[in-house]
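Notes for the one structure printed next.
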Amino acid sequence: PPHRPPPPAAMARAHPDPVVRSPSDDREYRVVTLPNNLIAMLVSDAEADKAAACMDVHCGSLADPEHLPGLAHFLEHMLFLGTDKFPDEAAYHEFLAAHGGAHNAYTALEDTVYFFDCVASALRGALERFSRFFVAPLFSEGATARELQAVDSEHSNNLQSDVWRLFQLARSLARPEHPLRGFGTGSTATLRDGPAAAGVDVRAALVGFYEAHYSANRMTLCLYGRESLDELQAWCEELFGPVPDRALSVPRGLALNAGVEPFSGPEEGGALGTLCAALPVMGLRLLSVTWLMPAAQPHWRCKPLGYLGHVLGHESE
């Protein structure tokens, strides 16, 4: 039979709606969806001295297994420590440090966010390292044991923070069956000692959690650099196209995650309508009044809770 060339590779789909921007903003924007359903916003700024990238994974501490509190946060720490193409645990950090950059990440209730910046000329090299976190992290045995100490140290520091103590107090008042009731930071007690006593392999659990929750269709990426939009898109397709699309559902809203409201009233033995007093570590005097509101995420365009907060917090007569 005659030779036939291979079919062209699937291309990213541009978002049909234009990005709304300030009249004084002369940067160029483009939003695309890759063939693996990862959404990316590209920002081209020809005058940029710095470049940056940020990846949001729609999976946070509410997804922790009940028997492994803090696993999502532990996974966030582990992604920095070696990938298939860059196995050195320090490769990412050292590259950014050598190119005027920095990096960090955080695990929220429903999202985990990874980000970095660097001098503009180093964006390509930084993305080569960054992208592999979401394609082929190593989760080596040695790094797993060492990084757990970093997670436990973070928890120890939080014990002396009134903000974190009050946040965990509020979580402890949620319904027992709701994931908000959990403990999101993790510690050696929840991620080493408890699992060891129960015969749980934490490294295997990390790999399983990554494969069960990290999927291209749950990810949103932003790239900012002085390259053209076409070049940024080409890099995005090349480097982030291999991120696996596991076709996972994309849950929205705390209550929707569990199928039940996170808090209940006193008629059900819950915390709504009650007063809690807490002894602070520092000389803190604080009154916090909390209302249970319907999930606002579906109304993100109009932000109704922002209006309500403005009215309640308005100090004029």
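Ordered as shown in the structure tokens, chains take letters A, B, and onward, while each chain numbers its residues from 1 and ligands are numbered from 1 in the order shown.
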
Problem set entry | Non-local contacts of Val113 of chain A (10 Å; only C-alpha atoms; under 3 positions in same chain excluded) as an MDAnalysis selection string | chainID A and resid 54:60 76 104:108 219:221

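Within the 9 Å cut-off around Ser187 of chain A, using only C-alpha atoms and omitting residues fewer than 6 positions from it on the same chain, the listed residues are Pro69, Gly70, Leu148, Gln149, Val151, Asp152, Ser153, Glu154, His155 and Ser156 of chain A.
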
Since we have the selection now, will you write its residues out, keeping N, CA, C and O atoms, as an mmCIF file, in the first residue's frame?
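Final output, part_27.cif:
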data_model
loop_
_atom_site.group_PDB
_atom_site.id
_atom_site.type_symbol
_atom_site.label_atom_id
_atom_site.label_comp_id
_atom_site.auth_asym_id
_atom_site.auth_seq_id
_atom_site.Cartn_x
_atom_site.Cartn_y
_atom_site.Cartn_z
ATOM 1 N N PRO A 69 -4.762 11.307 57.392
ATOM 2 C CA PRO A 69 -4.922 12.762 57.387
ATOM 3 C C PRO A 69 -3.617 13.452 57.001
ATOM 4 O O PRO A 69 -2.553 13.118 57.520
ATOM 5 N N GLY A 70 -3.714 14.412 56.073
ATOM 6 C CA GLY A 70 -2.536 15.148 55.632
ATOM 7 C C GLY A 70 -1.873 14.589 54.391
ATOM 8 O O GLY A 70 -0.839 15.117 53.953
ATOM 9 N N LEU A 148 8.778 13.758 55.214
ATOM 10 C CA LEU A 148 7.775 13.643 56.269
ATOM 11 C C LEU A 148 8.188 14.466 57.482
ATOM 12 O O LEU A 148 7.339 15.036 58.180
ATOM 13 N N GLN A 149 9.496 14.552 57.729
ATOM 14 C CA GLN A 149 9.967 15.377 58.841
ATOM 15 C C GLN A 149 9.662 16.853 58.599
ATOM 16 O O GLN A 149 9.344 17.601 59.528
ATOM 17 N N VAL A 151 7.084 18.000 56.882
ATOM 18 C CA VAL A 151 5.650 18.148 57.118
ATOM 19 C C VAL A 151 5.371 18.225 58.619
ATOM 20 O O VAL A 151 4.587 19.069 59.083
ATOM 21 N N ASP A 152 6.036 17.367 59.393
ATOM 22 C CA ASP A 152 5.822 17.367 60.842
ATOM 23 C C ASP A 152 6.318 18.662 61.465
ATOM 24 O O ASP A 152 5.689 19.199 62.395
ATOM 25 N N SER A 153 7.430 19.197 60.944
ATOM 26 C CA SER A 153 7.937 20.475 61.434
ATOM 27 C C SER A 153 6.944 21.607 61.155
ATOM 28 O O SER A 153 6.730 22.484 62.007
ATOM 29 N N GLU A 154 6.323 21.567 59.992
ATOM 30 C CA GLU A 154 5.315 22.578 59.664
ATOM 31 C C GLU A 154 4.148 22.499 60.640
ATOM 32 O O GLU A 154 3.636 23.529 61.107
ATOM 33 N N HIS A 155 3.718 21.270 60.943
ATOM 34 C CA HIS A 155 2.632 21.094 61.914
ATOM 35 C C HIS A 155 3.038 21.627 63.282
ATOM 36 O O HIS A 155 2.234 22.306 63.958
ATOM 37 N N SER A 156 4.271 21.367 63.702
ATOM 38 C CA SER A 156 4.737 21.853 65.009
ATOM 39 C C SER A 156 4.710 23.373 65.070
ATOM 40 O O SER A 156 4.329 23.959 66.097
#

List as a tab-separated table every residue of segment 127-221 of chain A that is in contact with segment 78-95 of chain A, defined as an atom at most 8 Å from one of its atoms (using only C-alpha atoms), together with the nearest atom pair and the distance in Å rounded to one decimal, sorted by chain and then rising number.
residue	atom	partner	partner_atom	distance
A:Arg129	CA	A:Tyr92	CA	6.0
A:Phe130	CA	A:Tyr92	CA	7.2
A:Arg132	CA	A:Thr83	CA	6.1
A:Phe133	CA	A:Leu79	CA	5.5
A:Ala136	CA	A:Thr83	CA	5.7
A:Pro137	CA	A:Thr83	CA	4.2
A:Leu138	CA	A:Thr83	CA	5.0
A:Phe139	CA	A:Met78	CA	6.4
A:Ser140	CA	A:Gly82	CA	8.0
A:Ala143	CA	A:Leu81	CA	6.8
A:Thr144	CA	A:Met78	CA	6.9
A:Glu147	CA	A:Met78	CA	7.0

Return as a tab-separated table the residues of segment 7-94 of chain A lying at most 10 Å from segment 171-183 of chain A, together with the closest atom-to-atom pair for each and the distance in Å to one decimal, counting only C-alpha atoms, with rows in chain order and ascending residue number.
residue	atom	partner	partner_atom	distance
A:Ser61	CA	A:Phe183	CA	8.0
A:Leu62	CA	A:Pro179	CA	5.3
A:Ala63	CA	A:Pro179	CA	7.4
A:Asp64	CA	A:Pro179	CA	7.9
A:Pro65	CA	A:Pro179	CA	9.0
A:Glu66	CA	A:Gly182	CA	7.6
A:His67	CA	A:Gly182	CA	10.0
A:Leu68	CA	A:Phe183	CA	9.2
A:Pro69	CA	A:Phe183	CA	5.5
A:Gly70	CA	A:Phe183	CA	6.3
A:Leu71	CA	A:Phe183	CA	9.7

Written file, previous selection with N, CA and C atoms, as a JSON list (two decimals), in the first residue's frame:
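Result saved to result_29.json:
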[["chain", "number", "residue", "atom", "x", "y", "z"],
["A", 61, "SER", "N", -7.03, 19.07, 50.63],
["A", 61, "SER", "CA", -7.02, 18.21, 51.81],
["A", 61, "SER", "C", -8.36, 17.56, 52.09],
["A", 62, "LEU", "N", -9.45, 18.06, 51.50],
["A", 62, "LEU", "CA", -10.73, 17.38, 51.69],
["A", 62, "LEU", "C", -10.75, 16.00, 51.05],
["A", 63, "ALA", "N", -9.80, 15.76, 50.15],
["A", 63, "ALA", "CA", -9.73, 14.45, 49.49],
["A", 63, "ALA", "C", -8.89, 13.44, 50.28],
["A", 64, "ASP", "N", -8.33, 13.85, 51.41],
["A", 64, "ASP", "CA", -7.51, 12.93, 52.20],
["A", 64, "ASP", "C", -8.29, 11.67, 52.56],
["A", 65, "PRO", "N", -7.65, 10.50, 52.46],
["A", 65, "PRO", "CA", -8.29, 9.29, 53.00],
["A", 65, "PRO", "C", -8.49, 9.44, 54.51],
["A", 66, "GLU", "N", -9.56, 8.89, 55.01],
["A", 66, "GLU", "CA", -9.87, 9.05, 56.43],
["A", 66, "GLU", "C", -8.75, 8.52, 57.32],
["A", 67, "HIS", "N", -8.07, 7.45, 56.88],
["A", 67, "HIS", "CA", -7.03, 6.84, 57.70],
["A", 67, "HIS", "C", -5.66, 7.46, 57.49],
["A", 68, "LEU", "N", -5.54, 8.49, 56.59],
["A", 68, "LEU", "CA", -4.25, 9.14, 56.34],
["A", 68, "LEU", "C", -4.42, 10.67, 56.28],
["A", 69, "PRO", "N", -4.76, 11.31, 57.39],
["A", 69, "PRO", "CA", -4.92, 12.76, 57.39],
["A", 69, "PRO", "C", -3.62, 13.45, 57.00],
["A", 70, "GLY", "N", -3.71, 14.41, 56.07],
["A", 70, "GLY", "CA", -2.54, 15.15, 55.63],
["A", 70, "GLY", "C", -1.87, 14.59, 54.39],
["A", 71, "LEU", "N", -2.46, 13.58, 53.76],
["A", 71, "LEU", "CA", -1.80, 12.95, 52.62],
["A", 71, "LEU", "C", -1.69, 13.90, 51.43]]

Exercise. Could you name the residues that touch segment 241-248 of chain A at 10 Å or less, counting only C-alpha atoms, but leaving out those on the same chain fewer than 4 positions away, as a PyMOL selection string?
Worked result: chain A and resi 10-12+34-38+131-136+211-219+234-237

Suppose we keep N, CA, C and O atoms; can you now write the selection as an mmCIF file, in the first residue's frame?
data_model
loop_
_atom_site.group_PDB
_atom_site.id
_atom_site.type_symbol
_atom_site.label_atom_id
_atom_site.label_comp_id
_atom_site.auth_asym_id
_atom_site.auth_seq_id
_atom_site.Cartn_x
_atom_site.Cartn_y
_atom_site.Cartn_z
ATOM 1 N N ALA A 10 -2.971 16.328 17.663
ATOM 2 C CA ALA A 10 -4.098 17.139 18.111
ATOM 3 C C ALA A 10 -3.587 18.476 18.630
ATOM 4 O O ALA A 10 -2.543 18.556 19.272
ATOM 5 N N MET A 11 -4.327 19.518 18.350
ATOM 6 C CA MET A 11 -3.916 20.854 18.733
ATOM 7 C C MET A 11 -4.770 21.357 19.899
ATOM 8 O O MET A 11 -5.884 20.890 20.123
ATOM 9 N N ALA A 12 -4.217 22.326 20.603
ATOM 10 C CA ALA A 12 -4.985 22.966 21.665
ATOM 11 C C ALA A 12 -6.138 23.764 21.073
ATOM 12 O O ALA A 12 -6.044 24.288 19.966
ATOM 13 N N LEU A 34 -5.834 22.098 26.187
ATOM 14 C CA LEU A 34 -4.997 21.119 25.503
ATOM 15 C C LEU A 34 -5.817 19.871 25.177
ATOM 16 O O LEU A 34 -6.894 19.652 25.752
ATOM 17 N N PRO A 35 -5.309 19.033 24.271
ATOM 18 C CA PRO A 35 -6.030 17.791 23.951
ATOM 19 C C PRO A 35 -6.296 16.896 25.161
ATOM 20 O O PRO A 35 -7.242 16.109 25.161
ATOM 21 N N ASN A 36 -5.458 17.023 26.205
ATOM 22 C CA ASN A 36 -5.680 16.224 27.414
ATOM 23 C C ASN A 36 -6.630 16.915 28.399
ATOM 24 O O ASN A 36 -6.764 16.478 29.549
ATOM 25 N N ASN A 37 -7.270 18.021 27.959
ATOM 26 C CA ASN A 37 -8.273 18.764 28.733
ATOM 27 C C ASN A 37 -7.683 19.608 29.859
ATOM 28 O O ASN A 37 -8.422 20.065 30.743
ATOM 29 N N LEU A 38 -6.388 19.837 29.843
ATOM 30 C CA LEU A 38 -5.779 20.799 30.753
ATOM 31 C C LEU A 38 -6.024 22.205 30.204
ATOM 32 O O LEU A 38 -5.804 22.465 29.022
ATOM 33 N N SER A 131 7.043 20.939 34.699
ATOM 34 C CA SER A 131 6.002 20.136 34.049
ATOM 35 C C SER A 131 6.070 18.666 34.430
ATOM 36 O O SER A 131 5.041 17.984 34.478
ATOM 37 N N ARG A 132 7.277 18.165 34.722
ATOM 38 C CA ARG A 132 7.411 16.736 35.017
ATOM 39 C C ARG A 132 6.790 16.353 36.360
ATOM 40 O O ARG A 132 6.539 15.172 36.602
ATOM 41 N N PHE A 133 6.535 17.354 37.237
ATOM 42 C CA PHE A 133 5.836 17.043 38.492
ATOM 43 C C PHE A 133 4.506 16.367 38.207
ATOM 44 O O PHE A 133 4.053 15.505 38.977
ATOM 45 N N PHE A 134 3.877 16.778 37.118
ATOM 46 C CA PHE A 134 2.518 16.344 36.824
ATOM 47 C C PHE A 134 2.482 15.221 35.790
ATOM 48 O O PHE A 134 1.408 14.808 35.362
ATOM 49 N N VAL A 135 3.672 14.749 35.428
ATOM 50 C CA VAL A 135 3.780 13.658 34.456
ATOM 51 C C VAL A 135 4.391 12.420 35.099
ATOM 52 O O VAL A 135 3.816 11.325 35.022
ATOM 53 N N ALA A 136 5.564 12.565 35.735
ATOM 54 C CA ALA A 136 6.270 11.384 36.238
ATOM 55 C C ALA A 136 7.127 11.713 37.451
ATOM 56 O O ALA A 136 8.363 11.697 37.385
ATOM 57 N N GLU A 211 -2.355 9.080 41.497
ATOM 58 C CA GLU A 211 -3.006 8.509 40.317
ATOM 59 C C GLU A 211 -4.526 8.633 40.385
ATOM 60 O O GLU A 211 -5.202 8.682 39.355
ATOM 61 N N ALA A 212 -5.062 8.710 41.590
ATOM 62 C CA ALA A 212 -6.520 8.788 41.740
ATOM 63 C C ALA A 212 -7.056 10.207 41.635
ATOM 64 O O ALA A 212 -8.240 10.399 41.340
ATOM 65 N N HIS A 213 -6.189 11.224 41.866
ATOM 66 C CA HIS A 213 -6.698 12.596 41.960
ATOM 67 C C HIS A 213 -6.013 13.590 41.039
ATOM 68 O O HIS A 213 -6.593 14.639 40.750
ATOM 69 N N TYR A 214 -4.798 13.309 40.599
ATOM 70 C CA TYR A 214 -4.086 14.261 39.741
ATOM 71 C C TYR A 214 -4.317 13.887 38.283
ATOM 72 O O TYR A 214 -3.791 12.899 37.786
ATOM 73 N N SER A 215 -5.114 14.689 37.616
ATOM 74 C CA SER A 215 -5.489 14.439 36.231
ATOM 75 C C SER A 215 -5.506 15.758 35.478
ATOM 76 O O SER A 215 -5.859 16.802 36.048
ATOM 77 N N ALA A 216 -5.130 15.725 34.205
ATOM 78 C CA ALA A 216 -5.072 16.954 33.408
ATOM 79 C C ALA A 216 -6.404 17.688 33.405
ATOM 80 O O ALA A 216 -6.434 18.930 33.387
ATOM 81 N N ASN A 217 -7.506 16.969 33.424
ATOM 82 C CA ASN A 217 -8.809 17.642 33.369
ATOM 83 C C ASN A 217 -9.188 18.303 34.689
ATOM 84 O O ASN A 217 -10.219 18.973 34.769
ATOM 85 N N ARG A 218 -8.357 18.143 35.713
ATOM 86 C CA ARG A 218 -8.540 18.844 36.981
ATOM 87 C C ARG A 218 -7.503 19.961 37.162
ATOM 88 O O ARG A 218 -7.380 20.512 38.253
ATOM 89 N N MET A 219 -6.753 20.263 36.132
ATOM 90 C CA MET A 219 -5.646 21.214 36.261
ATOM 91 C C MET A 219 -5.874 22.469 35.433
ATOM 92 O O MET A 219 -6.397 22.406 34.325
ATOM 93 N N ALA A 234 3.117 26.691 22.140
ATOM 94 C CA ALA A 234 3.884 25.540 21.674
ATOM 95 C C ALA A 234 4.585 24.855 22.846
ATOM 96 O O ALA A 234 4.604 23.614 22.937
ATOM 97 N N TRP A 235 5.174 25.631 23.753
ATOM 98 C CA TRP A 235 5.798 25.049 24.936
ATOM 99 C C TRP A 235 4.770 24.341 25.808
ATOM 100 O O TRP A 235 5.020 23.253 26.332
ATOM 101 N N CYS A 236 3.625 24.972 25.956
ATOM 102 C CA CYS A 236 2.561 24.392 26.770
ATOM 103 C C CYS A 236 2.127 23.036 26.208
ATOM 104 O O CYS A 236 1.994 22.050 26.946
ATOM 105 N N GLU A 237 1.924 22.974 24.905
ATOM 106 C CA GLU A 237 1.505 21.720 24.271
ATOM 107 C C GLU A 237 2.588 20.656 24.393
ATOM 108 O O GLU A 237 2.294 19.480 24.674
#

Problem set entry | Picked from segment 86-296 of chain A by DSSP as strand (DSSP E), as a PyMOL selection string | chain A and resi 102-107+112-119+219-225

Problem set entry | Pick from A:Ala150, A:Val19, A:Ala53, A:Val163 nearest to Leu284 of chain A, counting only C-alpha atoms |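 Under the stated criterion, the closest residue is A:Val163.
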